[in-house]
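Shown here: input.tsv, TSV, N, CA and C atoms.
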```tsv
chain	number	residue	atom	x	y	z
A	1215	MET	N	21.43	-12.35	19.66
A	1215	MET	CA	19.99	-12.53	19.55
A	1215	MET	C	19.70	-13.29	18.25
A	1216	THR	N	18.83	-14.29	18.30
A	1216	THR	CA	18.51	-15.05	17.11
A	1216	THR	C	17.59	-14.25	16.20
A	1217	ARG	N	17.53	-14.67	14.91
A	1217	ARG	CA	16.69	-13.97	13.94
A	1217	ARG	C	15.23	-13.95	14.39
A	1218	GLU	N	14.76	-15.07	14.93
A	1218	GLU	CA	13.37	-15.15	15.36
A	1218	GLU	C	13.07	-14.08	16.42
A	1219	PHE	N	13.98	-13.91	17.37
A	1219	PHE	CA	13.76	-12.92	18.41
A	1219	PHE	C	13.93	-11.50	17.88
A	1220	GLU	N	14.83	-11.31	16.88
A	1220	GLU	CA	14.96	-9.99	16.26
A	1220	GLU	C	13.66	-9.59	15.60
A	1221	HIS	N	13.01	-10.53	14.90
A	1221	HIS	CA	11.75	-10.23	14.23
A	1221	HIS	C	10.66	-9.94	15.25
A	1222	LEU	N	10.62	-10.71	16.31
A	1222	LEU	CA	9.62	-10.50	17.36
A	1222	LEU	C	9.83	-9.13	18.01
A	1223	ASP	N	11.08	-8.78	18.28
A	1223	ASP	CA	11.38	-7.48	18.86
A	1223	ASP	C	10.97	-6.36	17.92
A	1224	ALA	N	11.23	-6.53	16.64
A	1224	ALA	CA	10.85	-5.52	15.65
A	1224	ALA	C	9.33	-5.35	15.62
A	1225	ALA	N	8.60	-6.45	15.65
A	1225	ALA	CA	7.13	-6.38	15.64
A	1225	ALA	C	6.63	-5.68	16.90
A	1226	ARG	N	7.24	-5.94	18.02
A	1226	ARG	CA	6.84	-5.26	19.26
A	1226	ARG	C	7.09	-3.75	19.16
A	1227	GLN	N	8.22	-3.37	18.59
A	1227	GLN	CA	8.53	-1.95	18.45
A	1227	GLN	C	7.47	-1.25	17.60
A	1228	ILE	N	7.10	-1.87	16.50
A	1228	ILE	CA	6.11	-1.25	15.61
A	1228	ILE	C	4.75	-1.18	16.28
A	1229	SER	N	4.35	-2.23	16.99
A	1229	SER	CA	3.03	-2.22	17.61
A	1229	SER	C	2.93	-1.24	18.76
A	1230	ALA	N	4.06	-0.78	19.28
A	1230	ALA	CA	4.06	0.13	20.42
A	1230	ALA	C	4.18	1.60	20.03
A	1231	VAL	N	4.27	1.90	18.75
A	1231	VAL	CA	4.50	3.29	18.35
A	1231	VAL	C	3.29	4.16	18.68
A	1232	ARG	N	3.57	5.41	19.00
A	1232	ARG	CA	2.52	6.38	19.30
A	1232	ARG	C	2.61	7.63	18.43
A	1233	THR	N	3.76	7.82	17.80
A	1233	THR	CA	3.96	9.01	16.97
A	1233	THR	C	4.56	8.59	15.63
A	1234	LEU	N	4.50	9.49	14.66
A	1234	LEU	CA	5.12	9.20	13.36
A	1234	LEU	C	6.62	9.03	13.51
A	1235	ALA	N	7.25	9.83	14.35
A	1235	ALA	CA	8.69	9.70	14.55
A	1235	ALA	C	9.05	8.32	15.09
A	1236	GLU	N	8.24	7.81	16.01
A	1236	GLU	CA	8.47	6.46	16.55
A	1236	GLU	C	8.23	5.41	15.47
A	1237	LEU	N	7.24	5.63	14.61
A	1237	LEU	CA	6.97	4.68	13.52
A	1237	LEU	C	8.15	4.61	12.57
A	1238	PHE	N	8.70	5.76	12.19
A	1238	PHE	CA	9.83	5.77	11.27
A	1238	PHE	C	11.05	5.10	11.89
A	1239	LYS	N	11.29	5.34	13.18
A	1239	LYS	CA	12.41	4.71	13.87
A	1239	LYS	C	12.22	3.20	13.94
A	1240	ALA	N	11.01	2.75	14.25
A	1240	ALA	CA	10.73	1.32	14.33
A	1240	ALA	C	10.82	0.66	12.95
A	1241	ALA	N	10.35	1.35	11.91
A	1241	ALA	CA	10.43	0.81	10.55
A	1241	ALA	C	11.88	0.65	10.13
A	1242	SER	N	12.71	1.62	10.45
A	1242	SER	CA	14.13	1.53	10.13
A	1242	SER	C	14.78	0.35	10.86
A	1243	ALA	N	14.46	0.19	12.14
A	1243	ALA	CA	15.01	-0.93	12.91
A	1243	ALA	C	14.54	-2.27	12.35
A	1244	THR	N	13.29	-2.33	11.93
A	1244	THR	CA	12.74	-3.57	11.37
A	1244	THR	C	13.43	-3.90	10.05
A	1245	ALA	N	13.60	-2.91	9.20
A	1245	ALA	CA	14.29	-3.14	7.92
A	1245	ALA	C	15.69	-3.68	8.17
A	1246	GLN	N	16.40	-3.09	9.11
A	1246	GLN	CA	17.75	-3.56	9.42
A	1246	GLN	C	17.73	-4.97	9.96
A	1247	ALA	N	16.77	-5.29	10.83
A	1247	ALA	CA	16.68	-6.64	11.40
A	1247	ALA	C	16.41	-7.69	10.33
A	1248	LEU	N	15.73	-7.28	9.26
A	1248	LEU	CA	15.41	-8.19	8.16
A	1248	LEU	C	16.44	-8.13	7.03
A	1249	ASP	N	17.55	-7.43	7.28
A	1249	ASP	CA	18.65	-7.28	6.32
A	1249	ASP	C	18.28	-6.50	5.07
A	1250	TYR	N	17.38	-5.53	5.21
A	1250	TYR	CA	17.07	-4.61	4.12
A	1250	TYR	C	17.71	-3.28	4.44
A	1251	GLN	N	18.33	-2.68	3.44
A	1251	GLN	CA	19.02	-1.41	3.63
A	1251	GLN	C	18.03	-0.25	3.67
A	1252	TYR	N	16.96	-0.34	2.89
A	1252	TYR	CA	16.02	0.76	2.75
A	1252	TYR	C	14.63	0.38	3.20
A	1253	PHE	N	13.84	1.39	3.54
A	1253	PHE	CA	12.43	1.17	3.84
A	1253	PHE	C	11.64	2.38	3.37
A	1254	SER	N	10.35	2.18	3.23
A	1254	SER	CA	9.46	3.25	2.83
A	1254	SER	C	8.11	3.00	3.46
A	1255	ILE	N	7.50	4.05	3.93
A	1255	ILE	CA	6.13	3.99	4.44
A	1255	ILE	C	5.34	4.95	3.58
A	1256	VAL	N	4.35	4.43	2.87
A	1256	VAL	CA	3.60	5.25	1.92
A	1256	VAL	C	2.11	4.99	2.10
A	1257	GLN	N	1.35	6.06	2.10
A	1257	GLN	CA	-0.09	5.95	2.07
A	1257	GLN	C	-0.52	6.33	0.66
A	1258	ALA	N	-1.10	5.40	-0.06
A	1258	ALA	CA	-1.47	5.65	-1.45
A	1258	ALA	C	-2.98	5.56	-1.62
A	1259	ASN	N	-3.50	6.33	-2.55
A	1259	ASN	CA	-4.89	6.22	-2.95
A	1259	ASN	C	-4.93	5.22	-4.09
A	1260	HIS	N	-5.42	4.02	-3.81
A	1260	HIS	CA	-5.36	2.95	-4.80
A	1260	HIS	C	-6.33	3.14	-5.97
A	1261	GLN	N	-7.36	3.97	-5.78
A	1261	GLN	CA	-8.26	4.23	-6.90
A	1261	GLN	C	-7.57	5.11	-7.95
A	1262	THR	N	-6.81	6.10	-7.51
A	1262	THR	CA	-6.18	7.02	-8.45
A	1262	THR	C	-4.70	6.75	-8.61
A	1263	LYS	N	-4.14	5.85	-7.80
A	1263	LYS	CA	-2.72	5.53	-7.78
A	1263	LYS	C	-1.86	6.76	-7.47
A	1264	GLN	N	-2.43	7.71	-6.77
A	1264	GLN	CA	-1.67	8.90	-6.37
A	1264	GLN	C	-1.14	8.72	-4.96
A	1265	LEU	N	0.04	9.24	-4.71
A	1265	LEU	CA	0.61	9.26	-3.38
A	1265	LEU	C	0.10	10.54	-2.74
A	1266	ASN	N	-1.00	10.44	-2.01
A	1266	ASN	CA	-1.64	11.65	-1.52
A	1266	ASN	C	-1.71	11.72	-0.01
A	1267	GLY	N	-0.94	10.95	0.66
A	1267	GLY	CA	-0.96	10.97	2.11
A	1267	GLY	C	0.46	11.06	2.64
A	1268	MET	N	0.72	10.30	3.65
A	1268	MET	CA	2.02	10.29	4.26
A	1268	MET	C	3.00	9.48	3.42
A	1269	ALA	N	4.21	9.94	3.34
A	1269	ALA	CA	5.28	9.19	2.70
A	1269	ALA	C	6.58	9.49	3.44
A	1270	HIS	N	7.28	8.45	3.79
A	1270	HIS	CA	8.59	8.60	4.44
A	1270	HIS	C	9.46	7.46	3.95
A	1271	THR	N	10.69	7.79	3.60
A	1271	THR	CA	11.58	6.77	3.08
A	1271	THR	C	13.03	7.14	3.36
A	1272	ASN	N	13.85	6.13	3.33
A	1272	ASN	CA	15.30	6.38	3.36
A	1272	ASN	C	15.91	5.90	2.04
A	1273	TYR	N	15.07	5.82	0.98
A	1273	TYR	CA	15.56	5.44	-0.34
A	1273	TYR	C	16.61	6.45	-0.80
A	1274	PRO	N	17.48	6.04	-1.72
A	1274	PRO	CA	18.48	6.98	-2.23
A	1274	PRO	C	17.83	8.21	-2.85
A	1275	ASP	N	18.43	9.38	-2.61
A	1275	ASP	CA	17.88	10.65	-3.13
A	1275	ASP	C	17.70	10.60	-4.64
A	1276	ALA	N	18.63	9.96	-5.36
A	1276	ALA	CA	18.52	9.89	-6.82
A	1276	ALA	C	17.25	9.16	-7.23
A	1277	TRP	N	16.90	8.12	-6.51
A	1277	TRP	CA	15.68	7.37	-6.84
A	1277	TRP	C	14.45	8.22	-6.56
A	1278	VAL	N	14.42	8.89	-5.43
A	1278	VAL	CA	13.26	9.70	-5.06
A	1278	VAL	C	13.06	10.81	-6.09
A	1279	ARG	N	14.12	11.51	-6.46
A	1279	ARG	CA	14.01	12.59	-7.46
A	1279	ARG	C	13.52	12.04	-8.80
A	1280	HIS	N	14.10	10.92	-9.24
A	1280	HIS	CA	13.72	10.30	-10.52
A	1280	HIS	C	12.25	9.88	-10.48
A	1281	SER	N	11.84	9.27	-9.41
A	1281	SER	CA	10.48	8.77	-9.30
A	1281	SER	C	9.45	9.90	-9.31
A	1282	LEU	N	9.74	10.95	-8.57
A	1282	LEU	CA	8.79	12.07	-8.51
A	1282	LEU	C	8.79	12.88	-9.80
A	1283	ARG	N	9.95	13.08	-10.39
A	1283	ARG	CA	10.05	13.86	-11.62
A	1283	ARG	C	9.32	13.15	-12.76
A	1284	ASN	N	9.49	11.86	-12.87
A	1284	ASN	CA	8.93	11.09	-13.99
A	1284	ASN	C	7.60	10.43	-13.68
A	1285	LEU	N	7.14	10.54	-12.44
A	1285	LEU	CA	5.91	9.88	-11.99
A	1285	LEU	C	5.92	8.39	-12.31
A	1286	ASN	N	7.12	7.80	-12.35
A	1286	ASN	CA	7.18	6.39	-12.72
A	1286	ASN	C	6.65	5.47	-11.64
A	1287	TYR	N	6.43	5.99	-10.43
A	1287	TYR	CA	5.81	5.16	-9.40
A	1287	TYR	C	4.41	4.71	-9.83
A	1288	LEU	N	3.82	5.39	-10.81
A	1288	LEU	CA	2.51	4.97	-11.30
A	1288	LEU	C	2.59	3.60	-11.97
A	1289	ASN	N	3.79	3.17	-12.37
A	1289	ASN	CA	3.99	1.85	-12.97
A	1289	ASN	C	4.50	0.83	-11.96
A	1290	SER	N	4.49	1.17	-10.69
A	1290	SER	CA	5.03	0.27	-9.68
A	1290	SER	C	4.15	-0.96	-9.49
A	1291	PRO	N	4.69	-2.15	-9.77
A	1291	PRO	CA	3.91	-3.36	-9.50
A	1291	PRO	C	3.75	-3.58	-8.00
A	1292	VAL	N	4.66	-3.01	-7.21
A	1292	VAL	CA	4.56	-3.13	-5.75
A	1292	VAL	C	3.31	-2.41	-5.27
A	1293	ILE	N	3.11	-1.17	-5.72
A	1293	ILE	CA	1.90	-0.43	-5.34
A	1293	ILE	C	0.66	-1.13	-5.88
A	1294	ALA	N	0.73	-1.61	-7.12
A	1294	ALA	CA	-0.42	-2.30	-7.71
A	1294	ALA	C	-0.81	-3.54	-6.90
A	1295	LEU	N	0.18	-4.32	-6.48
A	1295	LEU	CA	-0.12	-5.55	-5.75
A	1295	LEU	C	-0.66	-5.26	-4.34
A	1296	THR	N	-0.27	-4.15	-3.74
A	1296	THR	CA	-0.77	-3.86	-2.39
A	1296	THR	C	-2.27	-3.62	-2.37
A	1297	THR	N	-2.86	-3.32	-3.52
A	1297	THR	CA	-4.31	-3.10	-3.55
A	1297	THR	C	-5.09	-4.38	-3.29
A	1298	ARG	N	-4.45	-5.52	-3.55
A	1298	ARG	CA	-5.19	-6.78	-3.35
A	1298	ARG	C	-4.48	-7.77	-2.43
A	1299	ALA	N	-3.24	-7.51	-2.11
A	1299	ALA	CA	-2.51	-8.42	-1.23
A	1299	ALA	C	-2.85	-8.13	0.23
A	1300	THR	N	-2.91	-9.16	1.02
A	1300	THR	CA	-3.14	-8.98	2.45
A	1300	THR	C	-1.96	-9.47	3.28
A	1301	LEU	N	-1.04	-10.17	2.64
A	1301	LEU	CA	0.13	-10.68	3.33
A	1301	LEU	C	1.39	-10.01	2.80
A	1302	PRO	N	2.44	-9.96	3.61
A	1302	PRO	CA	3.72	-9.41	3.13
A	1302	PRO	C	4.22	-10.20	1.93
A	1303	PHE	N	4.94	-9.50	1.03
A	1303	PHE	CA	5.52	-10.17	-0.12
A	1303	PHE	C	6.89	-9.60	-0.42
A	1304	ASP	N	7.76	-10.48	-0.91
A	1304	ASP	CA	9.11	-10.10	-1.32
A	1304	ASP	C	9.05	-9.69	-2.78
A	1305	TRP	N	9.78	-8.63	-3.12
A	1305	TRP	CA	9.77	-8.17	-4.51
A	1305	TRP	C	10.27	-9.23	-5.47
A	1306	ALA	N	11.11	-10.14	-5.00
A	1306	ALA	CA	11.61	-11.22	-5.87
A	1306	ALA	C	10.48	-12.13	-6.34
A	1307	ASP	N	9.35	-12.12	-5.63
A	1307	ASP	CA	8.22	-12.98	-5.96
A	1307	ASP	C	7.16	-12.30	-6.82
A	1308	LEU	N	7.37	-11.04	-7.19
A	1308	LEU	CA	6.35	-10.31	-7.94
A	1308	LEU	C	5.88	-11.05	-9.18
A	1309	GLY	N	6.82	-11.61	-9.95
A	1309	GLY	CA	6.47	-12.30	-11.19
A	1309	GLY	C	5.58	-13.51	-10.98
A	1310	SER	N	5.65	-14.13	-9.80
A	1310	SER	CA	4.79	-15.28	-9.53
A	1310	SER	C	3.47	-14.87	-8.88
A	1311	LEU	N	3.39	-13.64	-8.40
A	1311	LEU	CA	2.18	-13.15	-7.75
A	1311	LEU	C	1.26	-12.38	-8.69
A	1312	MET	N	1.82	-11.91	-9.80
A	1312	MET	CA	1.04	-11.14	-10.76
A	1312	MET	C	1.74	-11.16	-12.11
A	1313	THR	N	1.01	-10.83	-13.16
A	1313	THR	CA	1.60	-10.69	-14.48
A	1313	THR	C	2.13	-9.26	-14.59
A	1314	LEU	N	3.44	-9.15	-14.77
A	1314	LEU	CA	4.05	-7.83	-14.87
A	1314	LEU	C	3.86	-7.27	-16.28
A	1315	LEU	N	3.24	-6.11	-16.35
A	1315	LEU	CA	3.05	-5.43	-17.63
A	1315	LEU	C	4.38	-4.82	-18.07
A	1316	PRO	N	4.53	-4.48	-19.36
A	1316	PRO	CA	5.80	-3.92	-19.83
A	1316	PRO	C	6.27	-2.70	-19.03
A	1317	GLY	N	5.36	-1.77	-18.71
A	1317	GLY	CA	5.74	-0.60	-17.93
A	1317	GLY	C	6.21	-0.96	-16.53
A	1318	GLN	N	5.61	-2.01	-15.95
A	1318	GLN	CA	6.02	-2.47	-14.63
A	1318	GLN	C	7.39	-3.13	-14.67
A	1319	GLN	N	7.66	-3.88	-15.75
A	1319	GLN	CA	8.98	-4.48	-15.91
A	1319	GLN	C	10.05	-3.40	-16.04
A	1320	THR	N	9.73	-2.35	-16.81
A	1320	THR	CA	10.66	-1.23	-16.97
A	1320	THR	C	10.90	-0.55	-15.63
A	1321	TYR	N	9.84	-0.35	-14.87
A	1321	TYR	CA	9.95	0.28	-13.55
A	1321	TYR	C	10.90	-0.52	-12.65
A	1322	MET	N	10.73	-1.82	-12.60
A	1322	MET	CA	11.58	-2.65	-11.74
A	1322	MET	C	13.03	-2.60	-12.21
A	1323	ARG	N	13.26	-2.59	-13.51
A	1323	ARG	CA	14.62	-2.49	-14.04
A	1323	ARG	C	15.24	-1.14	-13.64
A	1324	GLU	N	14.46	-0.06	-13.76
A	1324	GLU	CA	14.97	1.27	-13.42
A	1324	GLU	C	15.32	1.38	-11.94
A	1325	ILE	N	14.48	0.85	-11.07
A	1325	ILE	CA	14.80	0.99	-9.65
A	1325	ILE	C	16.01	0.13	-9.26
A	1326	ARG	N	16.18	-1.01	-9.95
A	1326	ARG	CA	17.40	-1.81	-9.71
A	1326	ARG	C	18.64	-1.00	-10.10
A	1327	GLU	N	18.56	-0.32	-11.25
A	1327	GLU	CA	19.69	0.49	-11.73
A	1327	GLU	C	19.99	1.66	-10.79
A	1328	LEU	N	18.98	2.10	-10.03
A	1328	LEU	CA	19.17	3.21	-9.10
A	1328	LEU	C	19.46	2.74	-7.67
A	1329	GLY	N	19.69	1.43	-7.51
A	1329	GLY	CA	20.14	0.93	-6.21
A	1329	GLY	C	19.12	0.20	-5.36
A	1330	LEU	N	17.89	0.02	-5.85
A	1330	LEU	CA	16.88	-0.72	-5.09
A	1330	LEU	C	16.68	-2.07	-5.75
A	1331	SER	N	17.45	-3.05	-5.32
A	1331	SER	CA	17.40	-4.35	-6.00
A	1331	SER	C	16.48	-5.36	-5.32
A	1332	SER	N	16.10	-5.10	-4.09
A	1332	SER	CA	15.22	-6.04	-3.40
A	1332	SER	C	14.36	-5.28	-2.40
A	1333	GLY	N	13.28	-5.92	-2.00
A	1333	GLY	CA	12.41	-5.28	-1.04
A	1333	GLY	C	11.37	-6.23	-0.50
A	1334	LEU	N	10.81	-5.84	0.60
A	1334	LEU	CA	9.71	-6.56	1.24
A	1334	LEU	C	8.61	-5.55	1.47
A	1335	THR	N	7.40	-5.87	1.08
A	1335	THR	CA	6.27	-4.97	1.26
A	1335	THR	C	5.26	-5.61	2.19
A	1336	VAL	N	4.79	-4.82	3.13
A	1336	VAL	CA	3.75	-5.26	4.06
A	1336	VAL	C	2.53	-4.39	3.80
A	1337	PRO	N	1.53	-4.93	3.09
A	1337	PRO	CA	0.33	-4.13	2.82
A	1337	PRO	C	-0.46	-3.88	4.10
A	1338	ILE	N	-0.91	-2.66	4.25
A	1338	ILE	CA	-1.73	-2.32	5.40
A	1338	ILE	C	-3.00	-1.68	4.85
A	1339	HIS	N	-4.13	-2.27	5.18
A	1339	HIS	CA	-5.41	-1.76	4.72
A	1339	HIS	C	-6.18	-1.26	5.93
A	1340	LEU	N	-6.46	0.01	5.96
A	1340	LEU	CA	-7.20	0.61	7.06
A	1340	LEU	C	-8.68	0.40	6.86
A	1341	PRO	N	-9.47	0.40	7.94
A	1341	PRO	CA	-10.92	0.25	7.79
A	1341	PRO	C	-11.47	1.29	6.82
A	1342	GLY	N	-12.31	0.82	5.90
A	1342	GLY	CA	-12.91	1.70	4.92
A	1342	GLY	C	-12.08	1.88	3.66
A	1343	GLU	N	-10.85	1.37	3.65
A	1343	GLU	CA	-10.01	1.44	2.46
A	1343	GLU	C	-9.98	0.08	1.79
A	1344	PRO	N	-9.88	0.07	0.45
A	1344	PRO	CA	-9.81	-1.22	-0.25
A	1344	PRO	C	-8.50	-1.94	0.03
```

Show me, as structure tokens, the structure contained in the file I just sent.
Amino acid sequence: MTREFEHLDAARQISAVRTLAELFKAASATAQALDYQYFSIVQANHQTKQLNGMAHTNYPDAWVRHSLRNLNYLNSPVIALTTRATLPFDWADLGSLMTLLPGQQTYMREIRELGLSSGLTVPIHLPGEP
């Protein structure tokens, strides 16, 4: 199957989900089709920068523990950019899409050291959310 058809198939899987379990399975398949090892689905409150909704990930346990213990996700430029981005973006492009503050640069360095060296984010804005 060509890459174009893999992406189309992945998009069809996600658009057909009816349950959270199906969403997680489709997200995992999509990440694999795009050659990403990890994925995360997070609902964040962009006004308070708190993760106060659904969160599901296959990120390494060490990263999840570190992030929650230190609340360093509050310095995530990925979360910050999703508040205003409407199109998918590759983490490699963060520096050209926004000015990374010192805490955000530290955050990206730390997640690289914990095994998350690249990523693709697809911002989803629900009606009534910024």

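With all atoms listed in the file as the atoms that count, the minimum distance from A:Ala1276 to the choices A:Leu1288, A:Leu1328, A:Ile1338, A:Leu1315 is reached by A:Leu1328.
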
What lies within 10 Å of A:Asn1289 using only C-alpha atoms, ignoring chain neighbours under 6 positions off, as a PyMOL selection string? chain A and resi 1263+1314-1322

If you count only N, CA and C atoms, which residues fall within 7 Å of stretch 1239-1246 of chain A, apart from same-chain ones fewer than 3 positions away, as a ChimeraX atom specification? /A:1224-1225,1227-1228,1234-1236,1249-1253

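Pairwise distance (atom C of A:Trp1305, atom CA of A:Glu1324) equals 14.0 Å.
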
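Using only C-alpha atoms, the nearest neighbour of A:Ile1293 within the list A:Arg1323, A:Val1231, A:Leu1308, A:Leu1237 is A:Leu1308.
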
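Among the candidate residues A:Trp1277, A:Ala1294, A:Asp1307, A:Arg1232, the one lying nearest to A:Ile1325 is A:Trp1277, with distances computed using all atoms listed in the file.
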
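Counting from atom CA of A:Ala1306, the distance to atom N of A:Arg1283 is 24.8 Å.
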
Select all residues near (1.2, -11.4, 6.6) (cut-off 8 Å, inclusive, file coordinates), counting all atoms listed in the file, and output them as a list in words. Thr1300, Leu1301, Pro1302, Phe1303, Val1336 and Pro1337 of chain A

Expected answer as a PyMOL selection string: strand (DSSP E or B) residues in stretch 1240-1328 of chain A: chain A and resi 1254-1256+1259+1264+1269-1271+1303-1304

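The interatomic distance for the pair atom CA of A:Ser1229 and atom CA of A:Ala1299 works out to 20.6 Å.
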